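Have a look at protein_38.cif; it's mmCIF, C-alpha atoms:
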```
data_run
#
loop_
_atom_site.label_atom_id
_atom_site.label_comp_id
_atom_site.auth_asym_id
_atom_site.auth_seq_id
_atom_site.Cartn_x
_atom_site.Cartn_y
_atom_site.Cartn_z
CA MET A 29 126.01 -20.82 157.96
CA THR A 30 128.77 -20.49 160.53
CA ALA A 31 132.23 -19.26 159.66
CA ARG A 32 133.65 -22.67 160.63
CA ALA A 33 131.43 -24.44 158.08
CA ALA A 34 131.93 -21.85 155.34
CA ALA A 35 135.76 -21.96 155.32
CA PRO A 36 136.21 -25.57 154.10
CA LEU A 37 133.38 -25.12 151.59
CA ALA A 38 135.03 -22.00 150.17
CA SER A 39 138.37 -23.76 149.86
CA VAL A 40 136.74 -26.69 148.04
CA VAL A 41 135.04 -24.31 145.60
CA ALA A 42 138.33 -22.43 145.10
CA ALA A 43 140.20 -25.67 144.45
CA LEU A 44 137.57 -26.75 141.95
CA ALA A 45 137.66 -23.39 140.24
CA LEU A 46 141.44 -23.63 139.98
CA ALA A 47 141.21 -27.14 138.61
CA THR A 48 138.79 -26.08 135.86
CA CYS A 49 140.86 -22.97 135.02
CA THR A 50 143.09 -22.98 131.95
CA SER A 51 146.79 -23.34 132.77
CA VAL A 52 149.19 -20.98 131.06
CA PHE A 53 152.83 -21.64 130.10
CA GLU A 54 155.08 -19.00 128.62
CA ILE A 55 157.61 -20.32 126.11
CA PRO A 56 160.38 -18.62 124.12
CA LEU A 57 159.82 -18.81 120.37
CA GLU A 58 162.08 -18.19 117.39
CA THR A 59 159.99 -17.47 114.33
CA PRO A 60 161.83 -18.04 111.05
CA ILE A 61 161.31 -15.46 108.31
CA GLN A 62 162.05 -16.78 104.87
CA PRO A 63 164.20 -14.66 102.53
CA LYS A 64 162.27 -12.60 100.02
CA LEU A 65 164.58 -13.68 97.22
CA ASP A 66 165.68 -17.18 96.21
CA THR A 67 169.44 -16.87 96.04
CA SER A 68 170.09 -20.59 95.53
CA PRO A 69 171.12 -20.16 91.84
CA PHE A 70 173.96 -17.82 92.91
CA GLN A 71 177.24 -18.65 94.59
CA ARG A 72 178.60 -15.14 94.32
CA VAL A 73 177.29 -11.65 94.97
CA LEU A 74 178.56 -8.39 93.52
CA VAL A 75 177.62 -5.16 95.27
CA ALA A 76 178.29 -3.08 92.20
CA GLY A 77 177.54 0.54 92.99
CA PHE A 78 174.74 3.01 93.55
CA ILE A 79 173.37 6.20 92.09
CA ALA A 80 173.84 8.43 95.11
CA GLY A 81 172.76 11.93 96.02
CA GLY A 82 171.97 14.34 98.81
CA ALA A 83 174.53 15.43 101.43
CA GLU A 84 177.87 16.16 99.80
CA ASP A 85 179.98 15.36 102.87
CA VAL A 86 179.22 11.63 102.56
CA ASP A 87 180.08 9.56 99.50
CA ALA A 88 176.94 7.46 99.78
CA ASN A 89 177.90 5.27 96.82
CA LEU A 90 181.27 4.24 98.24
CA GLU A 91 180.08 3.94 101.86
CA THR A 92 177.02 1.87 100.92
CA VAL A 93 179.06 -0.54 98.80
CA ARG A 94 181.64 -0.97 101.59
CA LEU A 95 179.03 -1.49 104.29
CA LEU A 96 176.90 -3.96 102.32
CA ARG A 97 179.93 -5.97 101.27
CA SER A 98 181.17 -6.26 104.86
CA GLN A 99 177.69 -7.29 106.07
CA LEU A 100 177.31 -9.89 103.32
CA ARG A 101 180.77 -11.30 104.03
CA THR A 102 179.71 -12.30 107.55
CA LYS A 103 175.96 -12.87 107.16
CA SER A 104 175.52 -14.47 103.76
CA SER A 105 176.55 -17.84 102.38
CA MET A 106 177.44 -16.26 99.03
CA LYS A 107 181.01 -15.26 98.20
CA VAL A 108 181.34 -11.50 98.08
CA ILE A 109 183.20 -10.26 95.00
CA GLU A 110 185.81 -7.62 95.75
CA ALA A 111 185.87 -5.29 92.78
CA ASP A 112 186.16 -1.58 92.12
CA VAL A 113 183.01 0.34 92.99
CA VAL A 114 181.06 1.08 89.82
CA PRO A 115 180.62 4.86 89.32
CA LEU A 116 177.03 4.32 88.28
CA THR A 117 176.10 7.99 87.92
CA GLU A 118 178.88 8.50 85.37
CA ILE A 119 178.02 5.28 83.57
CA ALA A 120 174.36 6.29 83.41
CA ALA A 121 175.31 9.55 81.71
CA GLN A 122 177.05 7.59 78.94
CA GLN A 123 174.21 5.13 78.44
CA PRO A 124 171.36 5.59 75.98
CA ARG A 125 168.03 5.81 77.73
CA ALA A 126 166.48 2.37 77.49
CA ASP A 127 163.00 1.02 77.85
CA ALA A 128 162.19 -1.86 80.13
CA ASP A 129 163.05 -4.38 77.41
CA GLY A 130 166.49 -2.88 77.00
CA THR A 131 165.80 -1.24 73.62
CA ALA A 132 167.34 2.17 73.38
CA SER A 133 165.05 5.12 72.94
CA ALA A 134 167.85 7.42 71.82
CA ALA A 135 166.10 7.57 68.47
CA GLN A 136 163.80 10.18 70.01
CA PRO A 137 166.30 12.61 71.52
CA ASN A 138 163.69 15.33 72.00
CA ALA A 139 161.70 13.12 74.33
CA VAL A 140 164.71 12.57 76.61
CA LEU A 141 165.46 15.14 79.30
CA PRO A 142 169.08 15.65 80.39
CA LEU A 143 170.14 13.84 83.55
CA PRO A 144 170.53 16.04 86.64
CA THR A 145 174.23 16.36 87.45
CA LEU A 146 173.54 17.22 91.08
CA ILE A 147 171.12 14.78 92.71
CA LYS A 148 169.23 16.59 95.45
CA ASP A 149 165.92 14.77 95.80
CA GLU A 150 163.86 11.75 94.77
CA LYS A 151 162.77 13.39 91.54
CA ASP A 152 166.41 13.74 90.45
CA LEU A 153 167.00 10.07 91.29
CA ASP A 154 163.95 8.92 89.35
CA ALA A 155 165.57 10.21 86.16
CA TYR A 156 168.22 7.51 86.59
CA ASP A 157 165.79 4.59 86.88
CA PHE A 158 166.38 3.58 83.26
CA VAL A 159 169.85 2.30 84.24
CA PHE A 160 168.37 -0.65 86.11
CA ALA A 161 166.27 -1.65 83.11
CA ASN A 162 169.31 -1.82 80.83
CA THR A 163 169.59 -5.61 80.80
CA ASN A 164 172.44 -5.55 78.28
CA TYR A 165 174.66 -3.55 80.61
CA TRP A 166 173.97 -5.75 83.66
CA LYS A 167 174.32 -8.96 81.68
CA LYS A 168 177.72 -7.79 80.41
CA LEU A 169 178.78 -6.90 83.95
CA GLY A 170 177.51 -10.30 85.13
CA GLU A 171 179.59 -12.11 82.49
CA GLU A 172 182.67 -10.23 83.66
CA PHE A 173 182.22 -11.64 87.20
CA GLN A 174 180.94 -15.15 86.37
CA ASN A 175 177.21 -14.49 86.63
CA PRO A 176 176.74 -13.36 90.22
CA LEU A 177 173.74 -11.84 91.93
CA ILE A 178 174.22 -8.10 91.42
CA VAL A 179 173.19 -5.63 94.11
CA THR A 180 172.76 -2.05 92.99
CA GLY A 181 170.22 0.76 93.39
CA THR A 182 169.98 4.34 94.54
CA VAL A 183 170.86 6.03 97.82
CA LEU A 184 169.56 9.42 98.87
CA PHE A 185 171.02 10.83 102.07
CA THR A 186 169.66 14.30 102.70
CA PRO A 187 169.82 16.82 105.56
CA HIS A 188 166.49 17.36 107.24
CA ALA A 189 165.09 19.82 109.79
CA SER A 190 161.90 19.71 111.76
CA ALA A 191 160.30 21.97 114.36
CA GLY A 192 157.65 20.94 116.84
CA PHE A 193 156.86 19.91 120.38
CA VAL A 194 159.11 17.25 121.86
CA GLN A 195 158.43 15.37 125.09
CA ARG A 196 161.43 15.36 127.42
CA GLU A 197 161.94 14.13 130.96
CA ARG A 198 162.84 16.65 133.67
CA GLU A 199 164.31 15.57 136.98
CA VAL A 200 162.57 17.12 139.99
CA ILE A 201 163.80 17.03 143.60
CA ASP A 202 161.17 17.74 146.25
CA GLN A 203 161.64 19.35 149.68
CA TYR A 204 162.56 15.98 151.22
CA GLY A 205 165.32 15.37 148.66
CA ARG A 206 163.35 12.74 146.75
CA ARG A 207 163.99 12.58 143.02
CA SER A 208 161.26 12.10 140.44
CA VAL A 209 160.98 12.52 136.67
CA ASP A 210 158.29 14.67 135.06
CA PRO A 211 157.48 14.68 131.35
CA VAL A 212 157.79 18.16 129.86
CA ARG A 213 156.73 19.24 126.37
CA THR A 214 159.17 21.65 124.76
CA TYR A 215 159.09 23.37 121.38
CA MET A 216 162.30 22.58 119.53
CA GLU A 217 163.91 23.00 116.16
CA ARG A 218 165.84 19.84 115.39
CA LYS A 219 168.15 18.85 112.58
CA GLY A 220 169.09 15.49 111.21
CA TYR A 221 169.11 13.33 108.12
CA ILE A 222 166.87 11.14 105.99
CA LEU A 223 168.29 8.03 104.37
CA ARG A 224 166.30 6.55 101.52
CA PRO A 225 168.00 3.69 99.72
CA LYS A 226 166.45 1.58 97.01
CA PHE A 227 168.12 -1.80 96.68
CA VAL A 228 167.85 -3.46 93.27
CA PHE A 229 168.77 -7.13 92.92
CA ILE A 230 169.75 -8.16 89.39
CA ASP A 231 170.34 -11.60 87.92
CA GLY A 232 173.88 -11.45 86.53
CA ARG A 233 173.08 -14.23 84.06
CA THR A 234 170.27 -12.37 82.30
CA GLY A 235 170.59 -8.76 83.45
CA ALA A 236 166.97 -8.79 84.60
CA THR A 237 165.81 -7.20 87.85
CA LEU A 238 164.71 -9.90 90.29
CA TYR A 239 163.53 -7.73 93.15
CA SER A 240 163.73 -4.19 94.46
CA GLU A 241 162.87 -2.65 97.77
CA VAL A 242 162.80 0.89 99.09
CA PHE A 243 163.68 1.72 102.70
CA ARG A 244 163.39 5.00 104.55
CA GLU A 245 164.81 6.02 107.89
CA GLU A 246 165.29 9.39 109.51
CA VAL A 247 166.98 10.78 112.58
CA LEU A 248 166.65 14.14 114.30
CA TYR A 249 169.03 15.58 116.87
CA ASN A 250 168.67 18.29 119.49
CA PRO A 251 170.14 21.66 118.45
CA ASN A 252 173.03 21.37 120.92
CA GLN A 253 174.09 18.02 119.47
CA ASP A 254 176.74 18.13 116.75
CA THR A 255 176.62 14.80 114.96
CA PRO A 256 178.81 14.32 111.86
CA ALA A 257 176.96 13.35 108.70
CA LEU A 258 178.91 10.10 108.37
CA SER A 259 177.87 9.01 111.90
CA SER A 260 174.24 9.69 111.04
CA TYR A 261 174.61 7.73 107.82
CA PHE A 262 175.89 4.67 109.73
CA GLU A 263 173.25 5.08 112.44
CA LEU A 264 170.50 5.00 109.82
CA MET A 265 172.10 2.19 107.81
CA ASP A 266 172.30 0.11 111.02
CA ARG A 267 168.51 0.25 111.19
CA LEU A 268 168.12 -0.77 107.54
CA ILE A 269 170.62 -3.58 107.36
CA PRO A 270 168.37 -6.30 108.90
CA GLY A 271 165.76 -5.55 106.23
CA PHE A 272 168.36 -5.70 103.48
CA LEU A 273 169.79 -8.99 104.77
CA GLY A 274 166.27 -10.38 105.15
CA THR A 275 165.96 -10.20 101.38
CA LEU A 276 168.86 -12.58 100.88
CA SER A 277 168.91 -14.89 103.89
CA SER A 278 166.43 -16.25 106.41
CA GLN A 279 166.16 -14.53 109.75
CA LYS A 280 164.84 -15.55 113.14
CA ILE A 281 162.71 -13.25 115.26
CA ARG A 282 162.86 -13.99 118.96
CA GLY A 283 159.80 -13.61 121.15
CA THR A 284 157.57 -15.43 123.61
CA ARG A 285 154.18 -17.10 123.24
CA VAL A 286 151.72 -18.53 125.70
CA LEU A 287 150.84 -22.22 125.54
CA LEU A 288 147.52 -23.24 127.08
CA LYS A 289 146.34 -26.45 128.66
CA MET B 24 118.78 -20.86 152.37
CA ARG B 25 122.48 -19.95 152.19
CA LYS B 26 123.37 -23.60 152.78
CA THR B 27 121.16 -24.65 149.85
CA ILE B 28 122.75 -22.09 147.48
CA ALA B 29 126.27 -23.08 148.51
CA PHE B 30 125.42 -26.75 147.99
CA ALA B 31 123.93 -26.03 144.57
CA VAL B 32 127.11 -24.12 143.51
CA LEU B 33 129.27 -27.00 144.69
CA VAL B 34 127.19 -29.56 142.79
CA LEU B 35 127.28 -27.43 139.62
CA ALA B 36 131.04 -26.94 139.84
CA LEU B 37 131.59 -30.65 140.41
CA GLY B 38 129.31 -31.51 137.51
CA ALA B 39 131.19 -29.15 135.18
CA ARG B 40 134.52 -30.59 136.27
CA LEU B 41 133.35 -34.16 135.73
CA ALA B 42 131.89 -33.31 132.34
CA LEU B 43 135.18 -31.74 131.27
CA ALA B 44 137.25 -34.61 132.59
CA GLY B 45 135.27 -37.15 130.63
CA GLY B 46 136.59 -39.32 127.72
CA PRO B 47 137.70 -37.49 124.57
CA HIS B 48 138.48 -34.19 126.29
CA ARG B 49 140.70 -35.95 128.79
CA ASP B 50 142.56 -37.66 125.95
CA ALA B 51 142.95 -34.34 124.15
CA GLN B 52 144.20 -32.73 127.37
CA ALA B 53 146.79 -35.47 127.76
CA GLN B 54 147.99 -34.85 124.19
CA VAL B 55 148.16 -31.10 124.85
CA GLN B 56 150.14 -31.61 128.05
CA PHE B 57 152.56 -33.97 126.32
CA GLY B 58 152.96 -31.41 123.54
CA ILE B 59 153.81 -28.70 126.08
CA ASP B 60 156.40 -30.98 127.72
CA VAL B 61 158.17 -31.75 124.45
CA ALA B 62 157.95 -28.16 123.19
CA ASN B 63 159.75 -27.10 126.38
CA LYS B 64 162.52 -29.51 125.38
CA GLY B 65 162.68 -27.97 121.91
CA LEU B 66 160.97 -30.90 120.14
CA TRP B 67 158.55 -28.73 118.19
CA LYS B 68 157.70 -31.25 115.45
CA GLU B 69 156.57 -33.76 118.05
CA ALA B 70 154.63 -31.03 119.86
CA LEU B 71 152.95 -30.05 116.60
CA TYR B 72 151.89 -33.66 116.01
CA ARG B 73 150.46 -33.93 119.55
CA TRP B 74 148.46 -30.71 119.25
CA GLU B 75 147.14 -31.70 115.84
CA LYS B 76 146.01 -34.93 117.43
CA ALA B 77 144.39 -33.05 120.34
CA ALA B 78 142.45 -30.80 117.96
CA GLU B 79 141.36 -33.88 116.03
CA ILE B 80 140.13 -35.65 119.19
CA ASP B 81 138.35 -32.58 120.58
CA PRO B 82 137.61 -30.07 117.80
CA LYS B 83 136.18 -27.61 120.34
CA TYR B 84 139.37 -27.42 122.43
CA ALA B 85 140.63 -23.84 121.99
CA ALA B 86 143.93 -24.45 123.82
CA ALA B 87 144.87 -27.17 121.33
CA TYR B 88 144.37 -24.76 118.40
CA ASN B 89 146.29 -21.99 120.18
CA ASN B 90 149.27 -24.28 120.81
CA LEU B 91 149.04 -25.64 117.29
CA ALA B 92 149.23 -22.08 115.96
CA VAL B 93 152.36 -21.41 118.03
CA ALA B 94 153.97 -24.60 116.66
CA TYR B 95 153.09 -23.62 113.09
CA GLU B 96 154.68 -20.23 113.73
CA HIS B 97 157.83 -21.94 114.95
CA GLU B 98 157.93 -23.98 111.74
CA GLY B 99 157.41 -20.86 109.59
CA MET B 100 153.99 -22.09 108.37
CA PHE B 101 152.28 -18.73 108.68
CA GLU B 102 149.09 -19.45 106.76
CA LYS B 103 148.36 -22.52 108.88
CA ALA B 104 149.22 -20.54 112.03
CA ARG B 105 146.71 -17.85 111.09
CA LYS B 106 143.96 -20.42 110.52
CA ALA B 107 144.69 -22.12 113.85
CA TYR B 108 144.64 -18.79 115.73
CA ASP B 109 141.36 -17.89 114.01
CA LYS B 110 139.87 -21.20 115.11
CA ALA B 111 141.16 -20.78 118.69
CA LEU B 112 139.64 -17.30 118.90
CA GLU B 113 136.39 -18.53 117.38
CA LEU B 114 136.14 -21.15 120.14
CA ASP B 115 137.30 -18.86 122.95
CA PRO B 116 136.92 -15.25 121.82
CA LYS B 117 137.54 -13.73 125.24
CA ASN B 118 140.81 -15.51 125.94
CA VAL B 119 143.43 -12.81 126.51
CA SER B 120 146.40 -15.18 126.03
CA ILE B 121 145.21 -16.31 122.60
CA ARG B 122 144.54 -12.71 121.59
CA GLN B 123 148.02 -11.67 122.75
CA ASN B 124 149.68 -14.52 120.84
CA TYR B 125 147.70 -13.61 117.75
CA ASP B 126 148.73 -9.95 117.98
CA PHE B 127 152.43 -10.90 118.18
CA PHE B 128 151.98 -13.29 115.28
CA LYS B 129 150.28 -10.66 113.13
CA GLU B 130 153.11 -8.21 113.75
CA ILE B 131 155.72 -10.71 112.54
CA ASN B 132 153.60 -11.93 109.67
CA ASP B 133 153.03 -8.38 108.44
CA ARG B 134 156.76 -7.74 108.64
CA ALA B 135 157.52 -10.89 106.67
CA SER B 136 155.07 -10.11 103.92
CA ARG B 137 155.77 -6.37 103.67
CA ARG B 138 157.04 -5.34 100.27
CA THR B 139 157.82 -1.67 99.64
CA THR B 140 158.73 -1.93 96.01
CA ARG B 141 158.40 0.88 93.57
#
```
Reformat the file's structure so that it appears as structure tokens.
Amino acid sequence: MTARAAAPLASVVAALALATCTSVFEIPLETPIQPKLDTSPFQRVLVAGFIAGGAEDVDANLETVRLLRSQLRTKSSMKVIEADVVPLTEIAAQQPRADADGTASAAQPNAVLPLPTLIKDEKDLDAYDFVFANTNYWKKLGEEFQNPLIVTGTVLFTPHASAGFVQREREVIDQYGRRSVDPVRTYMERKGYILRPKFVFIDGRTGATLYSEVFREEVLYNPNQDTPALSSYFELMDRLIPGFLGTLSSQKIRGTRVLLK
Amino acid sequence: MRKTIAFAVLVLALGARLALAGGPHRDAQAQVQFGIDVANKGLWKEALYRWEKAAEIDPKYAAAYNNLAVAYEHEGMFEKARKAYDKALELDPKNVSIRQNYDFFKEINDRASRRTTR
């Protein structure tokens, strides 16, 4: 076959191949994520207070209440109740230990361990879990604020250190003055924080827990970086907030998909 | 000899093209194309209807199921989206675009259904 004859034949085959090929169209897509909790029975939300522990230089109870209230004011359809922050740790200390059904177990004082006054870790926080099962307390609080959805829980914000190899980028300039970036592995001792909140959503009409969710985020900084604890707290909360809001209101996740023909 | 082989390839390609262009598949293709046009204009419910129709006309048309899955995703109907992706991949397991869509979908679906309660 001569080259002259082969050229048109090849183009015909190519055109046919193209015609039989699947066409591809990229399209932006917003996927709706439904809220995890049905908040339709509630017109109002009360971010009551949290059992907080860990780093002493941040009042995690106060800061969490303030941050969640401000987020809910702009991103929720419910009216946010402005009330004094509940000092939940102190209230817990005055409460009888209750079982899940709200019945006090103070009748067996020997079986009840004292509450830790200084909350340092998750184990200390676990001792306070009975507070959220005290339906009588939450129902009473709900009545006080016209039966809202109550947001409460625990917040543990603790300092954290970790040592290990970290990959960094090093700028290199060669003999011709050209710049390039090389990855370098360096052993480093880094410090930071772990934020571990547990959000508990309570029905203010009945005092019953509707839903609870635990989040965990951590951040580590290079040794030469001096980041205040409060900045770290907000940095970590920023990462958690979409998850928290996703419990109460629908969210849209933007992406792209490929449509085929 | 070369001429004969080239001719045979051409005839086979033409035959395949004609077979694909025939009746029901062509109707399904038209529905799929219309669905793509309206989806690009943001009319996802209409697109969904067209792709459902295409899958009904030609149940072996992987593209129709892929697009249908995307439309279900857009409507937040995740279980239906998963089934449509599964069907699309069953019909065309080596299609990279379908696989990529499915991976993105799974990531979002896992996020939506994740519950870290204690």
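Note that the spacing between atom CA of Gln71 of chain A and atom CA of Met106 of chain A amounts to 5.0 Å.
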Could you list, with a cut-off of 6 Å and counting only C-alpha atoms, the residues of chain A near chain B, each shown with its nearest atom pair and the distance in Å rounded to one decimal, rows sorted by chain and ascending number, as JSON lines?
```
{"residue": "A:Thr59", "atom": "CA", "partner": "B:His97", "partner_atom": "CA", "distance": 5.0}
{"residue": "A:Pro60", "atom": "CA", "partner": "B:Gly99", "partner_atom": "CA", "distance": 5.4}
{"residue": "A:Ser240", "atom": "CA", "partner": "B:Thr140", "partner_atom": "CA", "distance": 5.7}
{"residue": "A:Glu241", "atom": "CA", "partner": "B:Thr140", "partner_atom": "CA", "distance": 4.6}
{"residue": "A:Val242", "atom": "CA", "partner": "B:Thr139", "partner_atom": "CA", "distance": 5.6}
{"residue": "A:Arg285", "atom": "CA", "partner": "B:Asn124", "partner_atom": "CA", "distance": 5.7}
{"residue": "A:Leu287", "atom": "CA", "partner": "B:Asn90", "partner_atom": "CA", "distance": 5.4}
{"residue": "A:Leu288", "atom": "CA", "partner": "B:Ala86", "partner_atom": "CA", "distance": 5.0}
{"residue": "A:Lys289", "atom": "CA", "partner": "B:Ala86", "partner_atom": "CA", "distance": 5.8}
```
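Across A:Thr145, A:Ser51, A:Ser208, A:Thr275, the tightest approach to Phe229 of chain A is made by A:Thr275 when counting all atoms listed in the file.
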Please measure the separation of atom CA of Glu110 of chain A and atom CA of Glu150 of chain A, giving the value in Å to one decimal.
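Distance reported for this atom pair: 29.3 Å.
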Using all atoms listed in the file, which residues sit within 12 Å of Pro211 of chain A once same-chain residues fewer than 2 positions away are excluded, as JSON, numbers by chain?
{"A": [194, 195, 196, 197, 198, 199, 200, 208, 209, 213, 214]}
Please, what distance in Å, to one decimal, runs between atom CA of Glu58 of chain A and atom CA of Arg267 of chain A?
20.5 Å
Mind checking which residues fall within 12 Å of Glu172 of chain A, counting only C-alpha atoms, ignoring those fewer than 3 positions away in the same chain, and posting them as a ChimeraX atom specification?
/A:74,76,109,111,165-169,175-176,178,232-233
Exactly which residues make up the result of the PyMOL selection byres ((chain A and resi 236) around 8) on this file, given as a PyMOL selection string?
chain A and resi 161+163+166-167+230-232+234-235+237-238
Test item: the PyMOL selection byres ((chain A and resi 63) around 7) resolved as a list in words:
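When the PyMOL selection byres ((chain A and resi 63) around 7) is applied, the selected residues are Ile61, Gln62, Lys64, Leu65, Asp66, Gly274, Thr275, Leu276, Ser277 and Ser278 of chain A.
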Selected by the PyMOL selection byres ((chain A and resi 103) around 12) in the shown coordinates: which residues, as a ChimeraX atom specification?
/A:96-102,104-108,269-270,272-279
Which residues are close to Lys83 of chain B, i.e. within 10 Å by only C-alpha atoms, leaving aside same-chain residues fewer than 2 positions away? Reply as JSON, numbers by chain.
{"B": [48, 77, 78, 79, 80, 81, 85, 86, 87, 88, 110, 111, 113, 114, 115]}
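Residues in contact with Tyr156 of chain A at 9 Å, where only C-alpha atoms are counted and same-chain residues fewer than 2 positions away are skipped, are listed as Ile79, Thr117, Ala120, Ala121, Leu143, Pro144, Asp152, Leu153, Asp154, Phe158, Val159, Phe160 and Thr182 of chain A.
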Output segment 219-241 of chain A with N, CA and C atoms present, as a PDB file, in the frame of the given file.
```pdb
ATOM      1  N   LYS A 219     167.557  19.136 113.885  1.00  0.00           N
ATOM      2  CA  LYS A 219     168.150  18.850 112.580  1.00  0.00           C
ATOM      3  C   LYS A 219     168.636  17.417 112.531  1.00  0.00           C
ATOM      4  N   GLY A 220     168.617  16.861 111.357  1.00  0.00           N
ATOM      5  CA  GLY A 220     169.090  15.490 111.210  1.00  0.00           C
ATOM      6  C   GLY A 220     169.198  15.107 109.760  1.00  0.00           C
ATOM      7  N   TYR A 221     168.966  13.834 109.491  1.00  0.00           N
ATOM      8  CA  TYR A 221     169.110  13.330 108.120  1.00  0.00           C
ATOM      9  C   TYR A 221     168.017  12.322 107.787  1.00  0.00           C
ATOM     10  N   ILE A 222     167.764  12.198 106.493  1.00  0.00           N
ATOM     11  CA  ILE A 222     166.870  11.140 105.990  1.00  0.00           C
ATOM     12  C   ILE A 222     167.713  10.269 105.057  1.00  0.00           C
ATOM     13  N   LEU A 223     167.600   8.971 105.255  1.00  0.00           N
ATOM     14  CA  LEU A 223     168.290   8.030 104.370  1.00  0.00           C
ATOM     15  C   LEU A 223     167.231   7.220 103.636  1.00  0.00           C
ATOM     16  N   ARG A 224     167.305   7.258 102.314  1.00  0.00           N
ATOM     17  CA  ARG A 224     166.300   6.550 101.520  1.00  0.00           C
ATOM     18  C   ARG A 224     166.981   5.729 100.427  1.00  0.00           C
ATOM     19  N   PRO A 225     167.393   4.515 100.766  1.00  0.00           N
ATOM     20  CA  PRO A 225     168.000   3.690  99.720  1.00  0.00           C
ATOM     21  C   PRO A 225     166.973   2.819  99.014  1.00  0.00           C
ATOM     22  N   LYS A 226     167.252   2.551  97.753  1.00  0.00           N
ATOM     23  CA  LYS A 226     166.450   1.580  97.010  1.00  0.00           C
ATOM     24  C   LYS A 226     167.426   0.501  96.552  1.00  0.00           C
ATOM     25  N   PHE A 227     167.227  -0.706  97.044  1.00  0.00           N
ATOM     26  CA  PHE A 227     168.120  -1.800  96.680  1.00  0.00           C
ATOM     27  C   PHE A 227     167.511  -2.565  95.504  1.00  0.00           C
ATOM     28  N   VAL A 228     168.301  -2.724  94.465  1.00  0.00           N
ATOM     29  CA  VAL A 228     167.850  -3.460  93.270  1.00  0.00           C
ATOM     30  C   VAL A 228     168.715  -4.713  93.138  1.00  0.00           C
ATOM     31  N   PHE A 229     168.065  -5.859  93.032  1.00  0.00           N
ATOM     32  CA  PHE A 229     168.770  -7.130  92.920  1.00  0.00           C
ATOM     33  C   PHE A 229     168.626  -7.626  91.480  1.00  0.00           C
ATOM     34  N   ILE A 230     169.761  -7.811  90.817  1.00  0.00           N
ATOM     35  CA  ILE A 230     169.750  -8.160  89.390  1.00  0.00           C
ATOM     36  C   ILE A 230     170.411  -9.519  89.163  1.00  0.00           C
ATOM     37  N   ASP A 231     169.796 -10.302  88.296  1.00  0.00           N
ATOM     38  CA  ASP A 231     170.340 -11.600  87.920  1.00  0.00           C
ATOM     39  C   ASP A 231     171.485 -11.376  86.940  1.00  0.00           C
ATOM     40  N   GLY A 232     172.699 -11.688  87.370  1.00  0.00           N
ATOM     41  CA  GLY A 232     173.880 -11.450  86.530  1.00  0.00           C
ATOM     42  C   GLY A 232     173.914 -12.319  85.291  1.00  0.00           C
ATOM     43  N   ARG A 233     173.084 -13.348  85.237  1.00  0.00           N
ATOM     44  CA  ARG A 233     173.080 -14.230  84.060  1.00  0.00           C
ATOM     45  C   ARG A 233     172.256 -13.620  82.925  1.00  0.00           C
ATOM     46  N   THR A 234     171.179 -12.902  83.327  1.00  0.00           N
ATOM     47  CA  THR A 234     170.270 -12.370  82.300  1.00  0.00           C
ATOM     48  C   THR A 234     170.227 -10.837  82.275  1.00  0.00           C
ATOM     49  N   GLY A 235     170.663 -10.216  83.349  1.00  0.00           N
ATOM     50  CA  GLY A 235     170.590  -8.760  83.450  1.00  0.00           C
ATOM     51  C   GLY A 235     169.218  -8.262  83.909  1.00  0.00           C
ATOM     52  N   ALA A 236     168.339  -9.190  84.208  1.00  0.00           N
ATOM     53  CA  ALA A 236     166.970  -8.790  84.600  1.00  0.00           C
ATOM     54  C   ALA A 236     166.887  -8.497  86.100  1.00  0.00           C
ATOM     55  N   THR A 237     166.027  -7.522  86.442  1.00  0.00           N
ATOM     56  CA  THR A 237     165.810  -7.200  87.850  1.00  0.00           C
ATOM     57  C   THR A 237     164.952  -8.300  88.494  1.00  0.00           C
ATOM     58  N   LEU A 238     165.450  -8.846  89.603  1.00  0.00           N
ATOM     59  CA  LEU A 238     164.710  -9.900  90.290  1.00  0.00           C
ATOM     60  C   LEU A 238     163.793  -9.329  91.360  1.00  0.00           C
ATOM     61  N   TYR A 239     164.278  -8.280  92.016  1.00  0.00           N
ATOM     62  CA  TYR A 239     163.530  -7.730  93.150  1.00  0.00           C
ATOM     63  C   TYR A 239     164.081  -6.358  93.490  1.00  0.00           C
ATOM     64  N   SER A 240     163.222  -5.480  93.958  1.00  0.00           N
ATOM     65  CA  SER A 240     163.730  -4.190  94.460  1.00  0.00           C
ATOM     66  C   SER A 240     162.915  -3.769  95.663  1.00  0.00           C
ATOM     67  N   GLU A 241     163.564  -3.067  96.557  1.00  0.00           N
ATOM     68  CA  GLU A 241     162.870  -2.650  97.770  1.00  0.00           C
ATOM     69  C   GLU A 241     163.390  -1.280  98.223  1.00  0.00           C
TER      70      GLU A 241
END
```
